[in-house]
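A.B. asks: I have a structure here, written as structure tokens, and I will follow up with some questions on it.
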Amino acid sequence: MTPIELALAEARAAAARGEVPVGAVVTDPAGQVLGRAGNRVEADHDASAHAEILALRQAARLRGSPRLTDCTLTVTLEPCPMCAQAASFFRVKRIVFGAYDPKGGGVEHGARIFQAPSCHHAPEVVGGIRETECATLLTDFFRNKRSGAPPPNPRRGN
């Protein structure tokens, strides 16, 4: 599976747990997965338990270093300002994301963390990878949440 496919699987699993369906994967230059996670905000009662933060922490622990200078963070949604800043602090080489987030994004929208003069490290950014699929996962989740429908079953792919 590609990193975006793994991130989508993490996002679907998060949705099945009742979490906002965002998934993230950290890979090394050889494509080896160093960290992967879906949102755990509700489960952990932790507003900072975003998929990106969890995957970055996991990768750093595995590497034994707070710096991930040759790694790529792949995520299903444009990182929020908190996650963009964390990626900068972890010094990731590249961020690849699926859906754009005009309301809460911090990379191409909103705070535009990497363009701020206070940003110490700006990774390469590639957005819009499997954008429609990533965006649909989010819109379906919130539509179902508003209607009271049960969360999707990741084993059935819906």
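Residues in the structure tokens are numbered from 1 in each chain, the chains being A, B, ... in the order shown, and ligands are numbered from 1 in the order shown.
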Using DSSP on the backbone coordinates, identify the residues of chain A assigned to alpha helix (DSSP H); present them as a count of residues only.
C.D. replies: 58
A.B. asks: Could you list, as a PyMOL selection string, every residue within 7 Å of stretch 75-84 of chain A, counting only C-alpha atoms and ignoring same-chain residues fewer than 3 positions away?
C.D. replies: chain A and resi 4+7-8+22-25+52-53+87-88+96-101+104-107+111+113+134
A.B. asks: Go ahead and write the residues just picked, N, CA and C atoms, as a PDB file, in the first residue's frame.
C.D. replies:
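Result saved to out_3.pdb:
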```pdb
ATOM      1  N   ILE A   4      -0.475   7.195   1.125  1.00  0.00           N
ATOM      2  CA  ILE A   4      -1.812   7.805   1.181  1.00  0.00           C
ATOM      3  C   ILE A   4      -2.879   6.739   1.400  1.00  0.00           C
ATOM      4  N   ALA A   7      -2.744   6.038   5.048  1.00  0.00           N
ATOM      5  CA  ALA A   7      -3.360   7.156   5.772  1.00  0.00           C
ATOM      6  C   ALA A   7      -4.885   7.099   5.659  1.00  0.00           C
ATOM      7  N   LEU A   8      -5.392   6.763   4.487  1.00  0.00           N
ATOM      8  CA  LEU A   8      -6.842   6.613   4.320  1.00  0.00           C
ATOM      9  C   LEU A   8      -7.380   5.483   5.188  1.00  0.00           C
ATOM     10  N   VAL A  22      -9.284  11.512  10.033  1.00  0.00           N
ATOM     11  CA  VAL A  22      -8.008  11.971   9.506  1.00  0.00           C
ATOM     12  C   VAL A  22      -6.976  10.910   9.847  1.00  0.00           C
ATOM     13  N   GLY A  23      -6.169  10.557   8.862  1.00  0.00           N
ATOM     14  CA  GLY A  23      -5.102   9.585   9.070  1.00  0.00           C
ATOM     15  C   GLY A  23      -3.780  10.147   8.593  1.00  0.00           C
ATOM     16  N   ALA A  24      -2.696   9.704   9.248  1.00  0.00           N
ATOM     17  CA  ALA A  24      -1.360  10.188   8.898  1.00  0.00           C
ATOM     18  C   ALA A  24      -0.360   9.044   8.955  1.00  0.00           C
ATOM     19  N   VAL A  25       0.655   9.144   8.100  1.00  0.00           N
ATOM     20  CA  VAL A  25       1.714   8.153   8.023  1.00  0.00           C
ATOM     21  C   VAL A  25       3.035   8.890   7.851  1.00  0.00           C
ATOM     22  N   GLU A  52      -1.534  13.491  12.809  1.00  0.00           N
ATOM     23  CA  GLU A  52      -0.171  13.906  12.472  1.00  0.00           C
ATOM     24  C   GLU A  52       0.741  13.888  13.693  1.00  0.00           C
ATOM     25  N   ILE A  53       0.270  14.456  14.784  1.00  0.00           N
ATOM     26  CA  ILE A  53       1.070  14.526  16.016  1.00  0.00           C
ATOM     27  C   ILE A  53       1.404  13.114  16.487  1.00  0.00           C
ATOM     28  N   ALA A  87       5.151  19.630  12.543  1.00  0.00           N
ATOM     29  CA  ALA A  87       5.951  19.094  11.437  1.00  0.00           C
ATOM     30  C   ALA A  87       7.212  19.930  11.239  1.00  0.00           C
ATOM     31  N   SER A  88       7.094  21.228  11.420  1.00  0.00           N
ATOM     32  CA  SER A  88       8.255  22.104  11.324  1.00  0.00           C
ATOM     33  C   SER A  88       9.248  21.791  12.437  1.00  0.00           C
ATOM     34  N   VAL A  96       2.845  15.596   2.419  1.00  0.00           N
ATOM     35  CA  VAL A  96       1.934  15.270   1.320  1.00  0.00           C
ATOM     36  C   VAL A  96       0.550  15.157   1.948  1.00  0.00           C
ATOM     37  N   PHE A  97      -0.423  15.869   1.410  1.00  0.00           N
ATOM     38  CA  PHE A  97      -1.769  15.756   1.973  1.00  0.00           C
ATOM     39  C   PHE A  97      -2.817  15.622   0.888  1.00  0.00           C
ATOM     40  N   GLY A  98      -3.975  15.112   1.306  1.00  0.00           N
ATOM     41  CA  GLY A  98      -5.081  14.865   0.389  1.00  0.00           C
ATOM     42  C   GLY A  98      -5.979  16.077   0.227  1.00  0.00           C
ATOM     43  N   ALA A  99      -6.967  16.191   1.098  1.00  0.00           N
ATOM     44  CA  ALA A  99      -7.970  17.252   0.988  1.00  0.00           C
ATOM     45  C   ALA A  99      -7.436  18.578   1.527  1.00  0.00           C
ATOM     46  N   TYR A 100      -7.807  19.644   0.854  1.00  0.00           N
ATOM     47  CA  TYR A 100      -7.496  20.991   1.342  1.00  0.00           C
ATOM     48  C   TYR A 100      -8.505  21.348   2.427  1.00  0.00           C
ATOM     49  N   ASP A 101      -8.098  22.204   3.354  1.00  0.00           N
ATOM     50  CA  ASP A 101      -8.971  22.607   4.452  1.00  0.00           C
ATOM     51  C   ASP A 101      -9.022  24.136   4.535  1.00  0.00           C
ATOM     52  N   GLY A 104      -9.845  25.251   8.376  1.00  0.00           N
ATOM     53  CA  GLY A 104      -8.950  24.957   9.500  1.00  0.00           C
ATOM     54  C   GLY A 104      -7.521  24.642   9.132  1.00  0.00           C
ATOM     55  N   GLY A 105      -7.189  24.706   7.849  1.00  0.00           N
ATOM     56  CA  GLY A 105      -5.834  24.374   7.433  1.00  0.00           C
ATOM     57  C   GLY A 105      -4.817  25.404   7.888  1.00  0.00           C
ATOM     58  N   GLY A 106      -3.578  24.949   7.988  1.00  0.00           N
ATOM     59  CA  GLY A 106      -2.517  25.843   8.412  1.00  0.00           C
ATOM     60  C   GLY A 106      -1.340  25.864   7.455  1.00  0.00           C
ATOM     61  N   VAL A 107      -1.503  25.241   6.284  1.00  0.00           N
ATOM     62  CA  VAL A 107      -0.413  25.154   5.319  1.00  0.00           C
ATOM     63  C   VAL A 107      -0.720  26.035   4.111  1.00  0.00           C
ATOM     64  N   ALA A 111      -3.373  30.157   8.773  1.00  0.00           N
ATOM     65  CA  ALA A 111      -2.118  30.703   9.304  1.00  0.00           C
ATOM     66  C   ALA A 111      -0.931  30.579   8.351  1.00  0.00           C
ATOM     67  N   ILE A 113       1.559  28.494   8.130  1.00  0.00           N
ATOM     68  CA  ILE A 113       2.686  28.391   9.061  1.00  0.00           C
ATOM     69  C   ILE A 113       4.041  28.477   8.372  1.00  0.00           C
ATOM     70  N   CYS A 134     -10.304  11.736  -0.121  1.00  0.00           N
ATOM     71  CA  CYS A 134     -10.057  12.220   1.238  1.00  0.00           C
ATOM     72  C   CYS A 134     -11.165  13.166   1.697  1.00  0.00           C
TER      73      CYS A 134
END
```
A.B. asks: Point out the residue among A:Val126, A:Cys71, A:Ala49, A:Ala13 with the least atom-to-atom distance to A:Gly31, counting only C-alpha atoms.
C.D. replies: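 Closest residue, counting only C-alpha atoms: A:Cys71.
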A.B. asks: Atom CA of A:Gln85 and atom CA of A:Ala59, how far apart in Å?
C.D. replies: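 Between atom CA of A:Ala59 and atom CA of A:Gln85 the gap works out to 16.4 Å.
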A.B. asks: Which residue, A:Arg40, A:His45, A:Arg12, A:His121, has the smallest gap to A:Leu68 when you use only C-alpha atoms?
C.D. replies: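 Once distances to A:Leu68 are computed over only C-alpha atoms, the minimum belongs to A:His121.
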A.B. asks: Check stretch 2-122 of chain A with DSSP on the backbone and list each residue it calls strand (DSSP E), as JSON, numbers by chain.
C.D. replies: {"A": [23, 24, 25, 26, 27, 33, 34, 35, 36, 37, 38, 72, 73, 74, 75, 76, 77, 94, 95, 96, 97, 98, 99]}
A.B. asks: Counting only C-alpha atoms, figure out which residue out of A:Val92, A:Cys119, A:Ala43, A:Leu138 gets nearest to A:Gly18.
C.D. replies: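 Of A:Val92, A:Cys119, A:Ala43, A:Leu138, the one nearest A:Gly18 is A:Ala43, counting only C-alpha atoms.
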A.B. asks: If we count only C-alpha atoms and set the cut-off at 9 Å, which residues sit around A:Thr69, ignoring sequence neighbours fewer than 4 positions away in its own chain? Please answer as a ChimeraX atom specification.
C.D. replies: /A:90-94
A.B. asks: Keeping only C-alpha atoms, write the selected residues as a compact mmCIF listing (two decimals), in the first residue's frame.
C.D. replies:
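And here's part-v8.txt as it stands now:
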```
# COMPACT_ATOMS: atom_id res chain seq x y z
CA PHE A 90 10.17 17.67 13.82
CA ARG A 91 11.95 19.03 10.72
CA VAL A 92 10.15 16.72 8.28
CA LYS A 93 11.45 16.96 4.76
CA ARG A 94 8.09 16.78 3.02
```
A.B. asks: Might you pull out every residue within 12 Å of A:Glu19, with only C-alpha atoms counted and same-chain residues fewer than 5 positions away left off, and present them as a ChimeraX atom specification?
C.D. replies: /A:10-14,37-47,49-51,137-138,141-142,145,151-152
